[in-house]
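Have a look at work-v7.cif below; it lists mmCIF, C-alpha atoms (C1' of nucleotides).
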data_my_file
#
loop_
_atom_site.label_atom_id
_atom_site.label_comp_id
_atom_site.auth_asym_id
_atom_site.auth_seq_id
_atom_site.Cartn_x
_atom_site.Cartn_y
_atom_site.Cartn_z
CA MET A 1 -85.35 -43.26 120.55
CA GLY A 2 -84.46 -42.92 124.16
CA ILE A 3 -84.38 -46.64 124.72
CA LYS A 4 -81.59 -47.75 126.97
CA ARG A 5 -79.73 -50.61 125.44
CA LYS A 6 -76.71 -52.67 126.18
CA ASN A 7 -73.55 -52.04 124.26
CA LYS A 8 -73.44 -53.97 121.06
CA PRO A 9 -70.44 -56.24 120.63
CA LYS A 10 -67.62 -54.82 118.57
CA VAL A 11 -66.70 -56.40 115.28
CA VAL A 12 -64.28 -55.43 112.56
CA ALA A 13 -65.04 -55.62 108.85
CA ILE A 14 -62.20 -55.60 106.36
CA LEU A 15 -63.26 -54.91 102.82
CA GLY A 16 -61.71 -53.99 99.51
CA PRO A 17 -61.24 -55.20 95.99
CA THR A 18 -59.77 -58.51 94.97
CA ALA A 19 -55.99 -58.72 95.18
CA SER A 20 -55.77 -55.85 97.64
CA GLY A 21 -54.32 -57.89 100.48
CA LYS A 22 -57.37 -58.25 102.73
CA SER A 23 -56.51 -61.75 103.94
CA ASP A 24 -53.02 -60.80 105.07
CA LEU A 25 -54.32 -57.80 106.91
CA ALA A 26 -56.95 -59.89 108.65
CA VAL A 27 -54.37 -62.39 109.86
CA ASN A 28 -51.99 -59.73 111.06
CA LEU A 29 -54.66 -57.79 112.90
CA SER A 30 -55.93 -61.03 114.41
CA LYS A 31 -52.50 -61.77 115.79
CA LYS A 32 -52.16 -58.32 117.21
CA PHE A 33 -55.65 -57.94 118.66
CA ASP A 34 -56.58 -61.51 119.52
CA GLY A 35 -59.03 -61.94 116.70
CA GLU A 36 -60.53 -64.71 114.63
CA VAL A 37 -61.51 -64.38 111.00
CA ILE A 38 -64.94 -64.75 109.43
CA SER A 39 -64.60 -64.90 105.68
CA ALA A 40 -67.15 -62.97 103.64
CA ASP A 41 -66.71 -64.38 100.19
CA SER A 42 -69.46 -65.92 98.11
CA ARG A 43 -67.09 -68.26 96.30
CA GLN A 44 -64.68 -69.26 99.04
CA VAL A 45 -67.54 -70.94 100.87
CA TYR A 46 -67.26 -73.76 98.35
CA LYS A 47 -65.00 -76.74 98.79
CA LYS A 48 -62.37 -77.49 96.17
CA MET A 49 -62.48 -73.96 94.85
CA ASP A 50 -59.15 -72.76 96.17
CA ILE A 51 -56.81 -71.33 93.59
CA GLY A 52 -59.48 -69.61 91.55
CA THR A 53 -61.00 -67.95 94.58
CA GLY A 54 -57.68 -67.01 96.15
CA LYS A 55 -58.57 -68.86 99.31
CA ILE A 56 -56.11 -68.45 102.14
CA THR A 57 -53.95 -71.54 102.73
CA PRO A 58 -53.56 -73.22 106.14
CA GLU A 59 -49.97 -71.96 106.34
CA GLU A 60 -51.03 -68.42 105.59
CA MET A 61 -53.56 -68.56 108.40
CA GLN A 62 -50.67 -68.77 110.85
CA GLY A 63 -52.80 -70.49 113.41
CA ILE A 64 -55.57 -67.93 113.30
CA PRO A 65 -58.94 -69.69 113.05
CA HIS A 66 -60.90 -68.92 109.89
CA TYR A 67 -64.60 -69.57 109.44
CA LEU A 68 -67.04 -69.73 106.55
CA LEU A 69 -64.52 -71.33 104.23
CA ASP A 70 -65.18 -74.73 102.64
CA ILE A 71 -68.64 -75.07 104.09
CA ALA A 72 -70.62 -75.87 100.96
CA SER A 73 -70.55 -78.16 97.97
CA PRO A 74 -70.01 -76.44 94.63
CA LYS A 75 -72.80 -78.60 93.28
CA ARG A 76 -75.32 -76.90 95.50
CA LYS A 77 -76.30 -73.28 95.64
CA PHE A 78 -75.30 -71.22 98.60
CA SER A 79 -76.99 -67.97 99.55
CA VAL A 80 -76.65 -64.76 101.54
CA ALA A 81 -79.29 -65.95 103.97
CA LYS A 82 -77.32 -69.07 104.76
CA TYR A 83 -74.20 -66.98 105.02
CA LYS A 84 -75.81 -64.64 107.47
CA GLU A 85 -77.18 -67.42 109.62
CA ILE A 86 -73.95 -69.41 109.87
CA SER A 87 -71.65 -66.45 110.26
CA GLN A 88 -73.79 -64.96 113.03
CA LYS A 89 -73.46 -68.19 114.98
CA LYS A 90 -69.72 -68.19 114.49
CA ILE A 91 -69.50 -64.64 115.73
CA GLU A 92 -71.43 -65.61 118.85
CA LYS A 93 -68.88 -68.32 119.52
CA ILE A 94 -65.95 -66.02 118.98
CA LEU A 95 -67.45 -63.43 121.29
CA LYS A 96 -68.01 -66.05 123.96
CA LYS A 97 -64.31 -66.80 123.86
CA GLU A 98 -63.77 -63.07 124.31
CA LYS A 99 -62.00 -62.79 121.03
CA LEU A 100 -62.47 -60.17 118.36
CA PRO A 101 -64.48 -61.18 115.28
CA ILE A 102 -62.81 -59.92 112.13
CA ILE A 103 -65.04 -60.17 109.09
CA CYS A 104 -62.99 -60.11 105.94
CA GLY A 105 -63.97 -60.56 102.34
CA GLY A 106 -64.82 -59.22 98.96
CA THR A 107 -68.54 -59.88 98.79
CA GLY A 108 -70.16 -56.63 99.78
CA PHE A 109 -73.63 -58.07 99.95
CA TYR A 110 -72.52 -60.69 102.46
CA ILE A 111 -70.79 -58.17 104.68
CA THR A 112 -73.76 -55.82 104.59
CA ALA A 113 -76.22 -58.62 105.31
CA LEU A 114 -74.19 -59.79 108.29
CA VAL A 115 -72.89 -56.60 109.81
CA ASP A 116 -75.93 -54.42 109.21
CA GLY A 117 -78.30 -57.25 110.03
CA VAL A 118 -80.31 -57.01 106.85
CA ILE A 119 -83.63 -58.74 107.43
CA LEU A 120 -84.45 -60.86 104.42
CA PRO A 121 -87.91 -62.28 103.77
CA GLU A 122 -88.04 -65.82 105.09
CA VAL A 123 -88.79 -67.48 101.82
CA ALA A 124 -86.39 -70.15 100.71
CA PRO A 125 -85.77 -70.40 96.98
CA ASP A 126 -88.22 -72.61 95.15
CA TRP A 127 -86.22 -73.70 92.15
CA LYS A 128 -89.16 -75.34 90.43
CA LEU A 129 -91.18 -72.17 90.62
CA ARG A 130 -88.21 -70.10 89.48
CA LYS A 131 -87.59 -72.34 86.54
CA SER A 132 -91.14 -72.06 85.30
CA LEU A 133 -91.21 -68.30 85.83
CA GLU A 134 -87.94 -67.88 83.99
CA LYS A 135 -89.56 -69.15 80.84
CA GLU A 136 -91.55 -65.96 80.58
CA ASN A 137 -90.10 -62.73 79.33
CA ALA A 138 -89.33 -59.79 81.55
CA LYS A 139 -92.34 -57.82 80.44
CA ASN A 140 -94.78 -60.55 81.42
CA LEU A 141 -93.08 -61.07 84.73
CA TYR A 142 -93.26 -57.37 85.40
CA GLU A 143 -96.98 -57.28 84.61
CA LYS A 144 -97.50 -60.24 86.88
CA LEU A 145 -95.66 -58.59 89.75
CA LYS A 146 -97.55 -55.37 89.17
CA LYS A 147 -100.79 -57.18 89.80
CA LEU A 148 -99.48 -59.07 92.83
CA ASP A 149 -97.52 -56.27 94.46
CA PRO A 150 -97.72 -52.86 92.80
CA LYS A 151 -95.52 -51.28 95.45
CA ARG A 152 -92.61 -53.59 94.81
CA ALA A 153 -93.15 -53.29 91.07
CA LYS A 154 -92.73 -49.58 91.35
CA ASN A 155 -89.08 -49.65 92.29
CA ILE A 156 -87.87 -52.88 90.77
CA GLU A 157 -85.81 -53.00 87.60
CA LYS A 158 -88.23 -53.91 84.85
CA GLU A 159 -85.67 -55.83 82.82
CA ASN A 160 -84.13 -57.78 85.66
CA LYS A 161 -85.76 -61.18 85.45
CA ARG A 162 -83.89 -62.60 88.37
CA ARG A 163 -85.20 -59.93 90.70
CA LEU A 164 -88.69 -60.11 89.24
CA VAL A 165 -88.76 -63.84 89.77
CA ARG A 166 -87.59 -63.51 93.35
CA ALA A 167 -90.20 -60.85 94.09
CA ILE A 168 -92.98 -62.98 92.64
CA GLU A 169 -91.65 -65.93 94.60
CA ILE A 170 -91.89 -64.02 97.86
CA VAL A 171 -95.41 -62.81 97.18
CA THR A 172 -96.76 -66.19 96.12
CA LYS A 173 -95.21 -67.98 99.10
CA THR A 174 -96.13 -65.50 101.80
CA LYS A 175 -99.36 -64.30 100.19
CA LYS A 176 -98.23 -60.86 101.23
CA PRO A 177 -96.44 -58.03 99.49
CA VAL A 178 -92.65 -57.99 99.55
CA PRO A 179 -91.69 -56.36 102.84
CA LYS A 180 -89.51 -53.27 102.87
CA VAL A 181 -85.83 -53.84 103.53
CA LYS A 182 -85.12 -53.59 107.20
CA LYS A 183 -81.84 -53.57 108.98
CA ASN A 184 -81.20 -54.49 112.56
CA SER A 185 -77.54 -54.62 113.32
CA PRO A 186 -76.59 -56.61 116.40
CA TYR A 187 -73.04 -55.29 116.26
CA SER A 188 -71.01 -52.19 116.61
CA PRO A 189 -68.73 -52.36 113.61
CA LEU A 190 -65.48 -50.77 112.55
CA PHE A 191 -65.13 -50.74 108.79
CA LEU A 192 -61.66 -50.85 107.35
CA GLY A 193 -61.50 -50.47 103.59
CA ILE A 194 -58.43 -51.07 101.49
CA LYS A 195 -58.17 -48.68 98.60
CA ILE A 196 -55.59 -49.09 95.86
CA LYS A 197 -55.13 -47.05 92.72
CA GLN A 198 -56.87 -48.94 89.92
CA GLU A 199 -53.75 -48.84 87.79
CA ASP A 200 -51.67 -50.50 90.48
CA LEU A 201 -54.42 -52.95 91.27
CA ASN A 202 -54.66 -53.98 87.61
CA LYS A 203 -50.97 -54.83 87.61
CA LYS A 204 -51.40 -56.90 90.75
CA ILE A 205 -54.38 -58.67 89.24
CA ASP A 206 -52.49 -59.70 86.13
CA LYS A 207 -49.49 -60.81 88.10
CA ARG A 208 -51.65 -62.89 90.37
CA LEU A 209 -53.51 -64.37 87.43
CA GLN A 210 -50.25 -65.62 85.91
CA GLU A 211 -49.30 -67.03 89.28
CA ARG A 212 -52.59 -68.87 89.58
CA LEU A 213 -52.18 -70.40 86.15
CA LYS A 214 -48.74 -71.58 87.11
CA ILE A 215 -49.88 -73.35 90.26
CA GLY A 216 -52.63 -75.31 88.56
CA MET A 217 -55.77 -73.27 88.19
CA ILE A 218 -56.78 -75.01 84.97
CA GLU A 219 -56.30 -78.33 86.70
CA GLU A 220 -58.54 -77.21 89.53
CA VAL A 221 -61.39 -76.42 87.15
CA LYS A 222 -60.89 -79.73 85.35
CA LYS A 223 -61.09 -81.57 88.64
CA LEU A 224 -64.30 -79.82 89.57
CA ARG A 225 -65.78 -80.84 86.24
CA ASP A 226 -64.61 -84.42 86.70
CA SER A 227 -66.19 -84.55 90.12
CA GLY A 228 -69.55 -83.72 88.61
CA VAL A 229 -69.81 -79.93 88.64
CA SER A 230 -71.42 -79.06 85.31
CA PHE A 231 -69.89 -76.61 82.88
CA LYS A 232 -73.03 -74.56 83.19
CA ARG A 233 -72.52 -74.32 86.91
CA LEU A 234 -68.86 -73.48 86.50
CA GLU A 235 -69.76 -70.70 84.10
CA GLU A 236 -72.16 -69.31 86.64
CA PHE A 237 -69.41 -69.00 89.23
CA GLY A 238 -67.82 -66.41 86.98
CA LEU A 239 -64.25 -65.24 86.49
CA GLU A 240 -61.68 -68.07 86.59
CA TYR A 241 -64.29 -70.80 86.63
CA LYS A 242 -66.33 -69.30 83.82
CA TRP A 243 -63.53 -68.53 81.39
CA ILE A 244 -61.59 -71.70 81.99
CA ALA A 245 -64.78 -73.73 81.62
CA LEU A 246 -65.39 -72.08 78.26
CA TYR A 247 -61.82 -72.83 77.24
CA LEU A 248 -62.09 -76.45 78.36
CA GLN A 249 -65.20 -76.83 76.21
CA ASN A 250 -63.25 -75.48 73.25
CA LYS A 251 -65.68 -72.61 72.93
CA ILE A 252 -62.84 -70.10 73.02
CA SER A 253 -59.07 -70.21 72.69
CA TYR A 254 -56.72 -70.21 75.63
CA LYS A 255 -55.48 -66.77 74.71
CA GLU A 256 -58.96 -65.34 74.54
CA ALA A 257 -59.95 -66.98 77.81
CA ILE A 258 -57.07 -65.38 79.66
CA GLU A 259 -57.61 -61.98 78.08
CA ARG A 260 -61.30 -61.94 78.84
CA LEU A 261 -60.65 -63.23 82.33
CA SER A 262 -58.16 -60.46 82.98
CA THR A 263 -60.59 -57.70 82.02
CA ASP A 264 -63.38 -59.44 83.90
CA ILE A 265 -61.39 -59.51 87.13
CA LYS A 266 -60.53 -55.85 86.73
CA ASN A 267 -64.18 -55.01 86.16
CA PHE A 268 -65.12 -57.07 89.14
CA SER A 269 -62.68 -55.15 91.33
CA LYS A 270 -64.28 -51.88 90.23
CA ARG A 271 -67.71 -53.24 91.05
CA GLN A 272 -66.48 -54.26 94.49
CA MET A 273 -65.35 -50.72 95.17
CA ARG A 274 -68.62 -49.31 93.91
CA TRP A 275 -70.55 -51.28 96.49
CA TRP A 276 -68.99 -49.24 99.29
CA LYS A 277 -68.64 -45.95 97.50
CA GLN A 278 -71.49 -44.16 99.25
CA ASP A 279 -70.88 -45.72 102.64
CA LYS A 280 -69.57 -42.98 104.89
CA ARG A 281 -68.73 -45.36 107.73
CA ILE A 282 -65.75 -46.82 105.97
CA ASN A 283 -62.28 -45.88 107.05
CA TRP A 284 -60.19 -46.06 103.93
CA ILE A 285 -56.73 -47.14 104.90
CA LYS A 286 -53.48 -47.23 103.02
CA ASN A 287 -51.49 -49.64 105.16
CA GLU A 288 -51.52 -51.89 108.16
CA LYS A 289 -50.24 -49.21 110.47
CA GLU A 290 -53.29 -47.06 109.83
CA ALA A 291 -55.52 -50.08 110.33
CA SER A 292 -53.82 -50.91 113.62
CA SER A 293 -54.14 -47.48 115.11
CA LEU A 294 -57.78 -47.17 114.07
CA LEU A 295 -58.53 -50.53 115.57
CA LYS A 296 -56.72 -49.72 118.78
CA LYS A 297 -58.76 -46.57 119.20
CA PHE A 298 -61.95 -48.43 118.36
CA LEU A 299 -61.33 -51.12 120.97
CA SER A 300 -60.48 -48.68 123.73
CA LYS A 301 -63.74 -46.78 123.33
"C1'" G B 1 -45.23 -53.70 38.34
"C1'" C B 2 -50.10 -56.16 37.52
"C1'" C B 3 -54.76 -58.36 39.45
"C1'" G B 4 -58.13 -58.98 43.50
"C1'" C B 5 -59.98 -57.62 48.38
"C1'" G B 6 -60.26 -54.20 52.13
"C1'" G B 7 -59.61 -49.09 55.01
"C1'" U B 8 -66.74 -47.01 59.18
"C1'" A B 9 -66.60 -45.85 67.49
"C1'" G B 10 -60.64 -47.97 71.54
"C1'" C B 11 -61.13 -53.36 69.05
"C1'" U B 12 -63.90 -56.86 65.56
"C1'" C B 13 -67.11 -55.74 61.92
"C1'" A B 14 -72.65 -54.60 59.84
"C1'" G B 15 -74.91 -50.95 56.71
"C1'" U B 16 -77.43 -47.00 53.56
"C1'" G B 17 -77.75 -41.84 47.56
"C1'" G B 18 -80.64 -37.81 52.28
"C1'" U B 19 -74.07 -36.88 57.43
"C1'" A B 20 -74.54 -43.95 60.62
"C1'" G B 21 -75.29 -49.04 63.69
"C1'" A B 22 -74.06 -53.98 66.55
"C1'" G B 23 -71.00 -56.88 69.80
"C1'" C B 24 -66.94 -56.29 73.01
"C1'" G B 25 -64.22 -52.48 75.73
"C1'" C B 26 -64.78 -47.69 78.52
"C1'" U B 27 -67.67 -44.46 82.23
"C1'" U B 28 -71.72 -44.28 85.59
"C1'" C B 29 -75.65 -46.64 88.29
"C1'" U B 30 -79.06 -50.51 90.74
"C1'" C B 31 -78.96 -54.32 94.32
"C1'" U B 32 -84.95 -57.77 99.38
"C1'" G B 33 -82.26 -66.09 100.22
"C1'" A B 34 -77.90 -67.12 92.75
"C1'" A B 35 -74.15 -61.31 94.38
"C1'" A B 36 -67.39 -63.42 91.00
"C1'" A B 37 -74.57 -63.48 89.96
"C1'" A B 38 -78.44 -60.54 87.61
"C1'" G B 39 -79.80 -55.91 85.43
"C1'" A B 40 -79.92 -50.44 83.72
"C1'" A B 41 -78.04 -45.80 81.66
"C1'" G B 42 -74.24 -42.93 79.13
"C1'" A B 43 -69.85 -41.15 76.41
"C1'" G B 44 -67.08 -42.15 71.92
"C1'" G B 45 -67.09 -41.61 64.65
"C1'" U B 46 -65.27 -34.80 59.93
"C1'" C B 47 -67.55 -43.48 57.58
"C1'" G B 48 -58.53 -43.49 54.63
"C1'" U B 49 -57.22 -38.59 51.54
"C1'" C B 50 -58.37 -35.46 47.40
"C1'" A B 51 -61.41 -34.54 43.32
"C1'" G B 52 -65.83 -35.65 40.06
"C1'" U B 53 -71.25 -36.96 39.20
"C1'" U B 54 -75.68 -35.34 41.91
"C1'" C B 55 -80.42 -30.92 44.75
"C1'" A B 56 -77.77 -34.28 48.17
"C1'" A B 57 -72.27 -38.71 48.79
"C1'" U B 58 -70.04 -42.50 54.17
"C1'" U B 59 -72.87 -44.90 50.09
"C1'" C B 60 -71.67 -44.03 42.80
"C1'" U B 61 -66.93 -42.75 39.66
"C1'" G B 62 -61.64 -41.60 39.34
"C1'" A B 63 -56.87 -40.69 41.30
"C1'" C B 64 -53.87 -41.17 45.42
"C1'" U B 65 -52.52 -43.60 49.95
"C1'" C B 66 -52.16 -47.54 53.52
"C1'" G B 67 -53.01 -52.91 54.78
"C1'" C B 68 -53.79 -58.09 53.17
"C1'" G B 69 -53.68 -62.07 49.44
"C1'" G B 70 -52.29 -63.83 44.50
"C1'" C B 71 -49.41 -63.27 39.88
"C1'" A B 72 -44.95 -61.46 37.95
#
Could you write out this file's structure as structure tokens?
Amino acid sequence: MGIKRKNKPKVVAILGPTASGKSDLAVNLSKKFDGEVISADSRQVYKKMDIGTGKITPEEMQGIPHYLLDIASPKRKFSVAKYKEISQKKIEKILKKEKLPIICGGTGFYITALVDGVILPEVAPDWKLRKSLEKENAKNLYEKLKKLDPKRAKNIEKENKRRLVRAIEIVTKTKKPVPKVKKNSPYSPLFLGIKIKQEDLNKKIDKRLQERLKIGMIEEVKKLRDSGVSFKRLEEFGLEYKWIALYLQNKISYKEAIERLSTDIKNFSKRQMRWWKQDKRINWIKNEKEASSLLKKFLSK
RNA sequence: GCCGCGGUAGCUCAGUGGUAGAGCGCUUCUCUGAAAAAGAAGAGGUCGUCAGUUCAAUUCUGACUCGCGGCA
């Protein structure tokens, strides 16, 4: 474009599937390169959801500051927009201290929204409106959207009620069609992706699941329920929270819960990888050494 | 040994005289304030084996075989 612009601040993004060792890598790189960690995990933002989300413990942080953990109540709904807003502010602070922001987490959408500066329509969720819209079937919602915003209707998934509802919500609130997705990244990012053979990852997942059960994962879900988080809400969190909630309600056996949970986590890990599959910017690394040398080069540029 | 029930997709099972479906799993894909969410597409079967009836059998009949339950 020929516009002269200032250098964008450098940030690092560590991504990869669950159980791949992202948190450890983030801490170690932080120690080496004077960084601070911004978590990018849609479940670790919630308080009291520790074991099931694999949240890093204070000891494991080894004195490295971590942000975007424990910032929301599990009773309330968090969102990408909130994530983006808060995490951007934290990054500003870290940069002011002349430290390196290291974004690390398993929620691809969050990382993309933050690092690529995805501009989302400024329409907060209207839960009343959503609830009433959700009563209608997908076909009706689609027809409705078609009338309101034919362009958006053209490339939306006809069967996806959640998306249809959101699109209608945006149009009715702004009285304008749904804007095209725009990105405006304020950063210059280095993407480090951890890739592990699915077979090996599956073993790790099962091992970790057993470990979590041992240290009180069931108890954690029970406590959440006792503190007023509904079973419905717990089921919506997915994975650990969903399957254990179903077990606690006696809807399924313990054995079934663990089996289904195991395959669900493995599926989830595949989905996480799929998010980044087409992204050519990602440096897929095998170990910390590779990560270190890439980062060193990146910072010296 | 006898009686009964069953053998259909990787698993659990529907189903029909004109060569088959579901759920789950598996593979692939989408992603505009719920993203561990929400949604889409696809690949899998010589319907236990052999024979009979029939224009036609996975479906009816018989034998065999394997599994489960009961009686001896």
Each chain B residue no farther than 8 Å from chain A, nearest pair in Å, only C-alpha atoms (C1' of nucleotides), as a Markdown table:
| residue | atom | partner | partner_atom | distance |
| --- | --- | --- | --- | --- |
| B:U30 | C1' | A:Glu157 | CA | 7.8 |
| B:U32 | C1' | A:Val181 | CA | 5.8 |
| B:G33 | C1' | A:Ala81 | CA | 4.8 |
| B:A34 | C1' | A:Ser79 | CA | 6.9 |
| B:A35 | C1' | A:Phe109 | CA | 6.5 |
| B:A36 | C1' | A:Gly238 | CA | 5.0 |
| B:A37 | C1' | A:Glu236 | CA | 7.1 |
| B:A38 | C1' | A:Arg162 | CA | 5.9 |
| B:G39 | C1' | A:Asn160 | CA | 4.7 |
| B:A40 | C1' | A:Glu157 | CA | 7.5 |
Practice prompt. Pull out every residue that the PyMOL selection byres ((chain A and resi 28-31) around 10) matches in the shown coordinates and put them as a list in words.
Written response: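 With the PyMOL selection byres ((chain A and resi 28-31) around 10) on this model, the match is Val12, Ser23, Asp24, Leu25, Ala26, Val27, Lys32, Phe33, Asp34, Gly35, Glu36, Val37, Met61, Gln62, Gly63, Ile64, Pro65, Lys99, Leu100, Pro101, Ile102, Glu288, Lys289, Ala291, Ser292 and Leu295 of chain A.
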Discussion item. Taking 4 positions as the minimum chain separation for residues in the same chain, which residues sit within 10 Å of B:A57 when counting all atoms listed in the file? Answer as an NGL selection string.
Written reply: :B and (17-19 or 53)
Practice prompt. Expand the PyMOL selection byres ((chain B and resi 41-46) around 8) into the individual residues it matches in the shown file, reporting them as a PyMOL selection string.
Written response: chain B and resi 8-9+27-29+40+47
Output for the residues just chosen: C-alpha atoms (C1' of nucleotides) as a short mmCIF file (atom, residue, chain, number, x, y, z; two decimals), keeping the file's coordinate frame:
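In the end it all went to part_36.cif:
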data_model
loop_
_atom_site.label_atom_id
_atom_site.label_comp_id
_atom_site.auth_asym_id
_atom_site.auth_seq_id
_atom_site.Cartn_x
_atom_site.Cartn_y
_atom_site.Cartn_z
"C1'" U B 8 -66.74 -47.01 59.18
"C1'" A B 9 -66.60 -45.85 67.49
"C1'" U B 27 -67.67 -44.46 82.23
"C1'" U B 28 -71.72 -44.28 85.59
"C1'" C B 29 -75.65 -46.64 88.29
"C1'" A B 40 -79.92 -50.44 83.72
"C1'" C B 47 -67.55 -43.48 57.58
#
Worksheet item: From the list A:Lys75, A:Lys151, A:Lys270, A:Lys222, which residue is nearest A:Leu201 when using only C-alpha atoms?
Response: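 Result for the nearest residue to A:Leu201: A:Lys270.
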Item to complete: Kindly resolve the PyMOL selection byres ((chain B and resi 6) around 10) on the present coordinates and return the residues as a list in words.
Response: C5, G7, G67 and C68 of chain B
Worksheet item: Could you work out how far atom CA of A:Val11 lies from atom CA of A:Ile94, giving the answer in Å with one decimal?
Response: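 Pair atom CA of A:Ile94 / atom CA of A:Val11 returns 10.3 Å.
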So for stretch 282-297 of chain A, what box centre and size do we get, axis-aligned, 6 Å extra on each of the six sides, every listed atom, Å to one decimal, as lines of an AutoDock Vina configuration file?
center_x = -58.0
center_y = -48.9
center_z = 111.1
size_x = 27.5
size_y = 18.0
size_z = 28.2
Worksheet entry | 12 Å contact set for B:G4, only C-alpha atoms (C1' of nucleotides), chain neighbours under 3 positions out, as a PyMOL selection string | chain B and resi 68-71
Discussion item. At a cut-off of 10 Å, using only C-alpha atoms (C1' of nucleotides), what residues contact stretch 247-249 of chain A? Leave out same-chain residues fewer than 2 positions from it and give the result as JSON, numbers by chain.
Written reply: {"A": [218, 221, 222, 225, 231, 241, 242, 243, 244, 245, 251, 252, 253, 254, 255, 256, 257, 258]}
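Distance-wise, atom C1' of B:G25 and atom CA of A:Gly16 end up 24.0 Å apart.
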